[in-house]
Amino acid sequence: MEANFLFLGPELGEKQDAVDEIRAKLKGAGASTAAGALEETAFYAGETPMQDIVSVLRNGSLFSDARLVFIRNAENIKKKEEIDALAAYIVDPADNTTLILLSNENSIAKPIENVIPPNGKRIFWEMFENRKHEWLANFFRREGFSITREGVDTILELVENNTESLRRECSRLCQFIDSSSKEKNIASEDVEKWLSHTREESTFTLFSRIAQADLAKSLESLHTLLLAKEAPPAIFAGLTWCFQKLRDYLFLMEEHAVNDAELRKIGLASPKARKDYEQAARFYDTWSVDACLSLTAEYNVLLRSAGQGLENLLMDRYVYKLWEAGRRS
């Protein structure tokens, strides 16, 4: 098995499945004794100096026959000396040590990518919409439930669209829904009843606060996401999706076509989602929505070039400017 891997892309669930497969192989290859247990270590690029990470990689473990080391947010490895140090290690890796670089981006520094063996590099693209519907239907079928098309649409509105988040939230949903529901289709109302009250903070809950023009709660939601190690590019992607939906909603308002059929066409099936966009339309017009989309693209670029220490400051400023754009419309 390869000693070094690079897993890229926004599809977190399939990426985690690939990590679990490597972990299982390493555990299977190890001894059954305590000394043969797999030792795991994780670092976040930009938080720990690269020389310290490489030192850990080079030094063997006294307690384990195999080690699995993760470097998350690998897109933040930008300094030449850090790139060179990590690339040199990858060319000549330590024995019994497996390194996995993880990033939600589609690429990282080329000198690092270029020394990863082809078999060790994978990009996990976000699933197409038809695959997400199929994935959700199959998930509930395996759990002994069935779900309506509207129920699936509501889940996709309330949960971030990667299979890791979908699996986590749908597992939670199965725990809350009464077992008698296995005899009927889970409806949109069932999904909203439970997920809207039990889901963790996400870019969708952040957008709900922004839609209410509540700056304090928007910043609180943002800080919760950042403390949970939610990557800024994932936040930007989620809010881009939300503001694009808001632009579609505003177009329907201009055409006097805000009705159930048209709202479903733009992916707004649940009452909760519709309420968010109705609220947002009180503060944002098409001009300010375009301004928010431009801000999102601008700050996405800024965050890539800024150091890790400026991340919170820039994200706070970004959310403030989104709020300000709504007040100006």
# chains A, B, ... in the order shown; residues from 1 in each chain; ligands from 1

call {"tool": "select_by_dssp", "arguments": {"residues": "segment 29-178 of chain A", "states": "helix (DSSP H, G or I)", "output": "number ranges by chain"}}
result
A: 29, 34-36, 50-58, 74-76, 80-91, 110-113, 118-120, 129-142, 149-158, 163-176

call {"tool": "residues_around", "arguments": {"residues": "segment 86-98 of chain A", "least_positions_apart": "2", "cutoff": "9 Å", "atoms": "only C-alpha atoms", "output": "MDAnalysis selection string"}}
result
chainID A and resid 2:5 26 50:51 53:54 57:60 65:70 81:84 100 111:116

call {"tool": "closest_residue", "arguments": {"among": "A:Ser103, A:Thr296, A:Ser202, A:Asn138", "to": "Glu169 of chain A", "atoms": "only C-alpha atoms"}}
result
A:Ser202

call {"tool": "residues_around", "arguments": {"residues": "segment 150-163 of chain A", "least_positions_apart": "3", "cutoff": "7 Å", "atoms": "only C-alpha atoms", "output": "VMD selection string"}}
result
chain A and resid 11 to 14 126 133 136 147 166 to 167 186 to 188 191 204 269 to 270 273

call {"tool": "write_last_selection", "arguments": {"atoms": "N, CA and C atoms", "output": "short mmCIF file (atom, residue, chain, number, x, y, z; two decimals), in the first residue's frame"}}
result
data_model
loop_
_atom_site.label_atom_id
_atom_site.label_comp_id
_atom_site.auth_asym_id
_atom_site.auth_seq_id
_atom_site.Cartn_x
_atom_site.Cartn_y
_atom_site.Cartn_z
N GLU A 11 -16.50 16.47 -1.40
CA GLU A 11 -17.39 15.37 -1.00
C GLU A 11 -16.79 14.66 0.22
N LEU A 12 -17.22 15.09 1.41
CA LEU A 12 -16.57 14.65 2.65
C LEU A 12 -16.89 13.21 3.00
N GLY A 13 -18.10 12.75 2.68
CA GLY A 13 -18.49 11.40 3.06
C GLY A 13 -17.68 10.33 2.35
N GLU A 14 -17.58 10.41 1.04
CA GLU A 14 -16.80 9.43 0.28
C GLU A 14 -15.32 9.54 0.62
N GLU A 126 -18.29 16.73 -5.52
CA GLU A 126 -19.64 16.74 -4.97
C GLU A 126 -20.57 15.96 -5.89
N HIS A 133 -30.34 12.25 -4.39
CA HIS A 133 -31.67 11.70 -4.15
C HIS A 133 -31.60 10.18 -4.01
N LEU A 136 -29.95 9.17 -0.63
CA LEU A 136 -30.84 9.32 0.52
C LEU A 136 -31.91 8.23 0.54
N ILE A 147 -39.17 7.17 2.25
CA ILE A 147 -39.26 8.62 2.33
C ILE A 147 -39.81 9.17 1.03
N LEU A 166 -24.94 14.40 5.44
CA LEU A 166 -26.21 13.72 5.20
C LEU A 166 -26.33 12.46 6.05
N ARG A 167 -25.26 11.67 6.12
CA ARG A 167 -25.30 10.43 6.91
C ARG A 167 -25.52 10.74 8.39
N ILE A 186 -41.72 8.72 5.09
CA ILE A 186 -41.34 9.91 5.86
C ILE A 186 -41.63 11.12 4.98
N ALA A 187 -42.41 12.04 5.48
CA ALA A 187 -42.83 13.19 4.69
C ALA A 187 -41.96 14.40 4.99
N SER A 188 -42.13 15.43 4.19
CA SER A 188 -41.38 16.67 4.38
C SER A 188 -41.62 17.24 5.77
N VAL A 191 -39.49 15.47 8.37
CA VAL A 191 -38.09 15.89 8.29
C VAL A 191 -37.90 17.24 8.96
N PHE A 204 -26.29 26.69 6.41
CA PHE A 204 -27.70 26.99 6.22
C PHE A 204 -28.28 27.73 7.43
N ALA A 269 -38.84 23.53 -1.06
CA ALA A 269 -40.02 22.72 -0.80
C ALA A 269 -40.54 22.90 0.62
N SER A 270 -39.65 23.07 1.58
CA SER A 270 -40.09 23.08 2.98
C SER A 270 -40.54 24.47 3.42
N ALA A 273 -37.54 26.59 4.81
CA ALA A 273 -36.69 27.22 3.80
C ALA A 273 -37.41 28.41 3.18
#

call {"tool": "closest_atom_pairs", "arguments": {"of": "segment 149-234 of chain A", "to": "segment 283-292 of chain A", "cutoff": "9 Å", "atoms": "only C-alpha atoms", "output": "JSON lines"}}
result
{"residue": "A:Ala211", "atom": "CA", "partner": "A:Phe283", "partner_atom": "CA", "distance": 7.6}
{"residue": "A:Gln212", "atom": "CA", "partner": "A:Phe283", "partner_atom": "CA", "distance": 8.2}
{"residue": "A:Ala213", "atom": "CA", "partner": "A:Phe283", "partner_atom": "CA", "distance": 7.2}

call {"tool": "write_last_selection", "arguments": {"atoms": "N, CA and C atoms", "output": "compact mmCIF listing (two decimals), in the first residue's frame"}}
result
# COMPACT_ATOMS: atom_id res chain seq x y z
N ALA A 211 -30.42 36.07 6.90
CA ALA A 211 -31.73 36.40 6.33
C ALA A 211 -32.57 37.25 7.28
N GLN A 212 -32.31 37.11 8.59
CA GLN A 212 -33.04 37.89 9.59
C GLN A 212 -32.37 39.23 9.88
N ALA A 213 -31.25 39.49 9.17
CA ALA A 213 -30.49 40.73 9.36
C ALA A 213 -30.04 40.89 10.81

call {"tool": "residues_around", "arguments": {"residues": "Trp323 of chain A", "least_positions_apart": "3", "cutoff": "9 Å", "atoms": "only C-alpha atoms", "output": "list in words"}}
result
Ile210, Ala211, Ala213, Asp214, Leu215, Ser218, Tyr318, Val319, Tyr320, Gly326, Arg327 and Arg328 of chain A

call {"tool": "residues_around", "arguments": {"residues": "Thr224 of chain A", "least_positions_apart": "3", "cutoff": "10 Å", "atoms": "only C-alpha atoms", "output": "PyMOL selection string"}}
result
chain A and resi 200-202+206+218-221+227-230

call {"tool": "write_last_selection", "arguments": {"atoms": "N, CA and C atoms", "output": "PDB file, in the first residue's frame"}}
result
ATOM      1  N   GLU A 200     -27.035  20.414  13.861  1.00  0.00           N
ATOM      2  CA  GLU A 200     -25.977  21.273  14.358  1.00  0.00           C
ATOM      3  C   GLU A 200     -25.858  22.511  13.472  1.00  0.00           C
ATOM      4  N   GLU A 201     -25.044  23.445  13.923  1.00  0.00           N
ATOM      5  CA  GLU A 201     -24.814  24.662  13.146  1.00  0.00           C
ATOM      6  C   GLU A 201     -24.240  24.305  11.777  1.00  0.00           C
ATOM      7  N   SER A 202     -24.692  25.012  10.758  1.00  0.00           N
ATOM      8  CA  SER A 202     -24.217  24.776   9.397  1.00  0.00           C
ATOM      9  C   SER A 202     -24.278  26.090   8.637  1.00  0.00           C
ATOM     10  N   LEU A 206     -26.434  29.550   9.367  1.00  0.00           N
ATOM     11  CA  LEU A 206     -25.800  30.869   9.253  1.00  0.00           C
ATOM     12  C   LEU A 206     -26.596  31.746   8.298  1.00  0.00           C
ATOM     13  N   SER A 218     -25.580  36.192  13.560  1.00  0.00           N
ATOM     14  CA  SER A 218     -24.829  35.736  12.387  1.00  0.00           C
ATOM     15  C   SER A 218     -23.366  35.487  12.762  1.00  0.00           C
ATOM     16  N   LEU A 219     -22.785  36.424  13.508  1.00  0.00           N
ATOM     17  CA  LEU A 219     -21.391  36.260  13.937  1.00  0.00           C
ATOM     18  C   LEU A 219     -21.248  35.102  14.912  1.00  0.00           C
ATOM     19  N   GLU A 220     -22.227  34.935  15.780  1.00  0.00           N
ATOM     20  CA  GLU A 220     -22.204  33.807  16.718  1.00  0.00           C
ATOM     21  C   GLU A 220     -22.236  32.483  15.963  1.00  0.00           C
ATOM     22  N   SER A 221     -23.097  32.399  14.955  1.00  0.00           N
ATOM     23  CA  SER A 221     -23.184  31.190  14.132  1.00  0.00           C
ATOM     24  C   SER A 221     -21.871  30.946  13.399  1.00  0.00           C
ATOM     25  N   LEU A 227     -15.032  27.314  15.082  1.00  0.00           N
ATOM     26  CA  LEU A 227     -14.528  26.535  16.215  1.00  0.00           C
ATOM     27  C   LEU A 227     -14.659  25.041  15.960  1.00  0.00           C
ATOM     28  N   ALA A 228     -15.669  24.667  15.151  1.00  0.00           N
ATOM     29  CA  ALA A 228     -15.858  23.260  14.803  1.00  0.00           C
ATOM     30  C   ALA A 228     -14.977  22.848  13.627  1.00  0.00           C
ATOM     31  N   LYS A 229     -14.021  23.733  13.254  1.00  0.00           N
ATOM     32  CA  LYS A 229     -13.067  23.476  12.174  1.00  0.00           C
ATOM     33  C   LYS A 229     -13.735  23.396  10.802  1.00  0.00           C
ATOM     34  N   GLU A 230     -14.861  24.100  10.642  1.00  0.00           N
ATOM     35  CA  GLU A 230     -15.474  24.197   9.322  1.00  0.00           C
ATOM     36  C   GLU A 230     -14.577  25.089   8.457  1.00  0.00           C
TER      37      GLU A 230
END

call {"tool": "atom_distance", "arguments": {"atom1": "atom CA of Arg282 of chain A", "atom2": "atom CA of Met253 of chain A"}}
result
11.3 Å

call {"tool": "select_by_dssp", "arguments": {"residues": "segment 92-272 of chain A", "states": "strand (DSSP E)", "output": "count of residues only"}}
result
13

call {"tool": "atom_distance", "arguments": {"atom1": "atom CA of Ala257 of chain A", "atom2": "atom CA of Glu189 of chain A"}}
result
23.6 Å

call {"tool": "residues_around", "arguments": {"residues": "Lys78 of chain A", "least_positions_apart": "5", "cutoff": "9 Å", "atoms": "only C-alpha atoms", "output": "list in words"}}
result
Gly46, Ile83, Ile108, Ala109 and Ser305 of chain A

call {"tool": "write_last_selection", "arguments": {"atoms": "C-alpha atoms", "output": "mmCIF file, in the first residue's frame"}}
result
data_model
loop_
_atom_site.group_PDB
_atom_site.id
_atom_site.type_symbol
_atom_site.label_atom_id
_atom_site.label_comp_id
_atom_site.auth_asym_id
_atom_site.auth_seq_id
_atom_site.Cartn_x
_atom_site.Cartn_y
_atom_site.Cartn_z
ATOM 1 C CA GLY A 46 -1.054 26.529 9.462
ATOM 2 C CA ILE A 83 6.339 23.028 0.873
ATOM 3 C CA ILE A 108 -2.840 22.223 -3.220
ATOM 4 C CA ALA A 109 0.743 23.434 -3.780
ATOM 5 C CA SER A 305 -3.599 34.357 0.345
#

call {"tool": "closest_residue", "arguments": {"among": "A:Pro232, A:Tyr277, A:Leu222, A:Leu8", "to": "Lys245 of chain A", "atoms": "only C-alpha atoms"}}
result
A:Tyr277

call {"tool": "decode", "arguments": {"residues": "segment 203-324 of chain A", "atoms": "C-alpha atoms", "output": "PDB file, in the first residue's frame"}}
result
ATOM      1  CA  THR A 203     -23.928  27.278   6.583  1.00  0.00           C
ATOM      2  CA  PHE A 204     -27.704  26.991   6.223  1.00  0.00           C
ATOM      3  CA  THR A 205     -28.325  28.072   9.823  1.00  0.00           C
ATOM      4  CA  LEU A 206     -25.800  30.869   9.253  1.00  0.00           C
ATOM      5  CA  PHE A 207     -27.810  31.996   6.221  1.00  0.00           C
ATOM      6  CA  SER A 208     -30.984  31.925   8.338  1.00  0.00           C
ATOM      7  CA  ARG A 209     -29.392  34.436  10.733  1.00  0.00           C
ATOM      8  CA  ILE A 210     -28.214  36.557   7.807  1.00  0.00           C
ATOM      9  CA  ALA A 211     -31.734  36.400   6.329  1.00  0.00           C
ATOM     10  CA  GLN A 212     -33.037  37.890   9.593  1.00  0.00           C
ATOM     11  CA  ALA A 213     -30.486  40.734   9.363  1.00  0.00           C
ATOM     12  CA  ASP A 214     -29.314  39.771  12.859  1.00  0.00           C
ATOM     13  CA  LEU A 215     -25.609  40.618  12.855  1.00  0.00           C
ATOM     14  CA  ALA A 216     -24.906  39.407  16.399  1.00  0.00           C
ATOM     15  CA  LYS A 217     -26.443  35.972  15.820  1.00  0.00           C
ATOM     16  CA  SER A 218     -24.829  35.736  12.387  1.00  0.00           C
ATOM     17  CA  LEU A 219     -21.391  36.260  13.937  1.00  0.00           C
ATOM     18  CA  GLU A 220     -22.204  33.807  16.718  1.00  0.00           C
ATOM     19  CA  SER A 221     -23.184  31.190  14.132  1.00  0.00           C
ATOM     20  CA  LEU A 222     -20.009  31.889  12.138  1.00  0.00           C
ATOM     21  CA  HIS A 223     -17.786  31.510  15.219  1.00  0.00           C
ATOM     22  CA  THR A 224     -19.454  28.195  16.085  1.00  0.00           C
ATOM     23  CA  LEU A 225     -18.664  26.903  12.599  1.00  0.00           C
ATOM     24  CA  LEU A 226     -15.039  28.052  12.751  1.00  0.00           C
ATOM     25  CA  LEU A 227     -14.528  26.535  16.215  1.00  0.00           C
ATOM     26  CA  ALA A 228     -15.858  23.260  14.803  1.00  0.00           C
ATOM     27  CA  LYS A 229     -13.067  23.476  12.174  1.00  0.00           C
ATOM     28  CA  GLU A 230     -15.474  24.197   9.322  1.00  0.00           C
ATOM     29  CA  ALA A 231     -13.238  25.316   6.454  1.00  0.00           C
ATOM     30  CA  PRO A 232     -13.951  28.839   5.110  1.00  0.00           C
ATOM     31  CA  PRO A 233     -14.147  27.546   1.489  1.00  0.00           C
ATOM     32  CA  ALA A 234     -17.002  25.245   2.581  1.00  0.00           C
ATOM     33  CA  ILE A 235     -18.778  28.212   4.214  1.00  0.00           C
ATOM     34  CA  PHE A 236     -18.317  30.281   1.058  1.00  0.00           C
ATOM     35  CA  ALA A 237     -19.668  27.435  -1.096  1.00  0.00           C
ATOM     36  CA  GLY A 238     -22.755  27.029   1.102  1.00  0.00           C
ATOM     37  CA  LEU A 239     -23.536  30.743   1.188  1.00  0.00           C
ATOM     38  CA  THR A 240     -22.998  31.052  -2.572  1.00  0.00           C
ATOM     39  CA  TRP A 241     -25.653  28.368  -3.039  1.00  0.00           C
ATOM     40  CA  CYS A 242     -28.022  30.188  -0.643  1.00  0.00           C
ATOM     41  CA  PHE A 243     -27.612  33.595  -2.294  1.00  0.00           C
ATOM     42  CA  GLN A 244     -28.121  32.071  -5.730  1.00  0.00           C
ATOM     43  CA  LYS A 245     -31.380  30.600  -4.441  1.00  0.00           C
ATOM     44  CA  LEU A 246     -32.301  34.009  -3.052  1.00  0.00           C
ATOM     45  CA  ARG A 247     -31.739  35.552  -6.471  1.00  0.00           C
ATOM     46  CA  ASP A 248     -34.104  32.928  -7.960  1.00  0.00           C
ATOM     47  CA  TYR A 249     -36.655  33.745  -5.259  1.00  0.00           C
ATOM     48  CA  LEU A 250     -36.428  37.481  -5.959  1.00  0.00           C
ATOM     49  CA  PHE A 251     -36.956  36.803  -9.660  1.00  0.00           C
ATOM     50  CA  LEU A 252     -40.163  34.923  -8.828  1.00  0.00           C
ATOM     51  CA  MET A 253     -41.283  37.906  -6.741  1.00  0.00           C
ATOM     52  CA  GLU A 254     -40.646  40.276  -9.646  1.00  0.00           C
ATOM     53  CA  GLU A 255     -42.694  37.998 -11.913  1.00  0.00           C
ATOM     54  CA  HIS A 256     -45.454  37.657  -9.271  1.00  0.00           C
ATOM     55  CA  ALA A 257     -44.921  33.903  -9.464  1.00  0.00           C
ATOM     56  CA  VAL A 258     -44.255  32.978  -5.824  1.00  0.00           C
ATOM     57  CA  ASN A 259     -46.398  29.846  -5.633  1.00  0.00           C
ATOM     58  CA  ASP A 260     -45.909  26.267  -4.521  1.00  0.00           C
ATOM     59  CA  ALA A 261     -45.093  24.880  -7.957  1.00  0.00           C
ATOM     60  CA  GLU A 262     -42.533  27.566  -8.829  1.00  0.00           C
ATOM     61  CA  LEU A 263     -40.887  27.406  -5.390  1.00  0.00           C
ATOM     62  CA  ARG A 264     -40.429  23.663  -5.792  1.00  0.00           C
ATOM     63  CA  LYS A 265     -38.809  24.222  -9.179  1.00  0.00           C
ATOM     64  CA  ILE A 266     -36.066  26.318  -7.560  1.00  0.00           C
ATOM     65  CA  GLY A 267     -35.592  23.787  -4.754  1.00  0.00           C
ATOM     66  CA  LEU A 268     -37.619  25.410  -1.975  1.00  0.00           C
ATOM     67  CA  ALA A 269     -40.022  22.724  -0.805  1.00  0.00           C
ATOM     68  CA  SER A 270     -40.088  23.075   2.981  1.00  0.00           C
ATOM     69  CA  PRO A 271     -41.940  25.818   4.876  1.00  0.00           C
ATOM     70  CA  LYS A 272     -38.779  26.559   6.913  1.00  0.00           C
ATOM     71  CA  ALA A 273     -36.689  27.220   3.797  1.00  0.00           C
ATOM     72  CA  ARG A 274     -39.453  29.355   2.286  1.00  0.00           C
ATOM     73  CA  LYS A 275     -39.681  31.390   5.470  1.00  0.00           C
ATOM     74  CA  ASP A 276     -35.924  32.065   5.373  1.00  0.00           C
ATOM     75  CA  TYR A 277     -36.055  33.347   1.802  1.00  0.00           C
ATOM     76  CA  GLU A 278     -39.217  35.366   2.419  1.00  0.00           C
ATOM     77  CA  GLN A 279     -37.431  36.995   5.349  1.00  0.00           C
ATOM     78  CA  ALA A 280     -34.246  37.587   3.339  1.00  0.00           C
ATOM     79  CA  ALA A 281     -36.255  39.253   0.552  1.00  0.00           C
ATOM     80  CA  ARG A 282     -37.211  42.004   3.012  1.00  0.00           C
ATOM     81  CA  PHE A 283     -33.577  43.095   3.278  1.00  0.00           C
ATOM     82  CA  TYR A 284     -31.963  42.068  -0.013  1.00  0.00           C
ATOM     83  CA  ASP A 285     -32.765  43.000  -3.601  1.00  0.00           C
ATOM     84  CA  THR A 286     -31.135  41.606  -6.744  1.00  0.00           C
ATOM     85  CA  TRP A 287     -28.416  44.270  -6.641  1.00  0.00           C
ATOM     86  CA  SER A 288     -27.424  43.460  -3.048  1.00  0.00           C
ATOM     87  CA  VAL A 289     -27.555  39.700  -3.743  1.00  0.00           C
ATOM     88  CA  ASP A 290     -25.099  40.169  -6.617  1.00  0.00           C
ATOM     89  CA  ALA A 291     -22.959  42.265  -4.274  1.00  0.00           C
ATOM     90  CA  CYS A 292     -22.999  39.423  -1.720  1.00  0.00           C
ATOM     91  CA  LEU A 293     -21.960  36.903  -4.361  1.00  0.00           C
ATOM     92  CA  SER A 294     -19.112  39.188  -5.416  1.00  0.00           C
ATOM     93  CA  LEU A 295     -18.069  39.605  -1.772  1.00  0.00           C
ATOM     94  CA  THR A 296     -18.052  35.840  -1.344  1.00  0.00           C
ATOM     95  CA  ALA A 297     -15.756  35.363  -4.334  1.00  0.00           C
ATOM     96  CA  GLU A 298     -13.519  38.231  -3.162  1.00  0.00           C
ATOM     97  CA  TYR A 299     -13.105  36.904   0.378  1.00  0.00           C
ATOM     98  CA  ASN A 300     -12.566  33.375  -0.872  1.00  0.00           C
ATOM     99  CA  VAL A 301      -9.491  34.691  -2.707  1.00  0.00           C
ATOM    100  CA  LEU A 302      -8.403  36.818   0.272  1.00  0.00           C
ATOM    101  CA  LEU A 303      -8.542  33.863   2.657  1.00  0.00           C
ATOM    102  CA  ARG A 304      -6.369  31.774   0.355  1.00  0.00           C
ATOM    103  CA  SER A 305      -3.599  34.357   0.345  1.00  0.00           C
ATOM    104  CA  ALA A 306      -3.879  35.441   3.996  1.00  0.00           C
ATOM    105  CA  GLY A 307      -2.186  33.692   6.890  1.00  0.00           C
ATOM    106  CA  GLN A 308      -4.068  31.441   9.317  1.00  0.00           C
ATOM    107  CA  GLY A 309      -3.916  34.158  11.975  1.00  0.00           C
ATOM    108  CA  LEU A 310      -6.115  36.490   9.900  1.00  0.00           C
ATOM    109  CA  GLU A 311      -8.846  33.916   9.201  1.00  0.00           C
ATOM    110  CA  ASN A 312     -11.255  34.913  12.004  1.00  0.00           C
ATOM    111  CA  LEU A 313     -10.822  38.637  11.385  1.00  0.00           C
ATOM    112  CA  LEU A 314     -11.477  38.319   7.643  1.00  0.00           C
ATOM    113  CA  MET A 315     -14.480  36.037   8.163  1.00  0.00           C
ATOM    114  CA  ASP A 316     -15.991  38.485  10.672  1.00  0.00           C
ATOM    115  CA  ARG A 317     -15.491  41.321   8.188  1.00  0.00           C
ATOM    116  CA  TYR A 318     -17.037  39.202   5.422  1.00  0.00           C
ATOM    117  CA  VAL A 319     -20.221  38.504   7.412  1.00  0.00           C
ATOM    118  CA  TYR A 320     -20.416  42.173   8.444  1.00  0.00           C
ATOM    119  CA  LYS A 321     -20.272  43.234   4.782  1.00  0.00           C
ATOM    120  CA  LEU A 322     -23.032  40.729   3.909  1.00  0.00           C
ATOM    121  CA  TRP A 323     -25.192  42.283   6.647  1.00  0.00           C
ATOM    122  CA  GLU A 324     -24.278  45.776   5.448  1.00  0.00           C
TER     123      GLU A 324
END
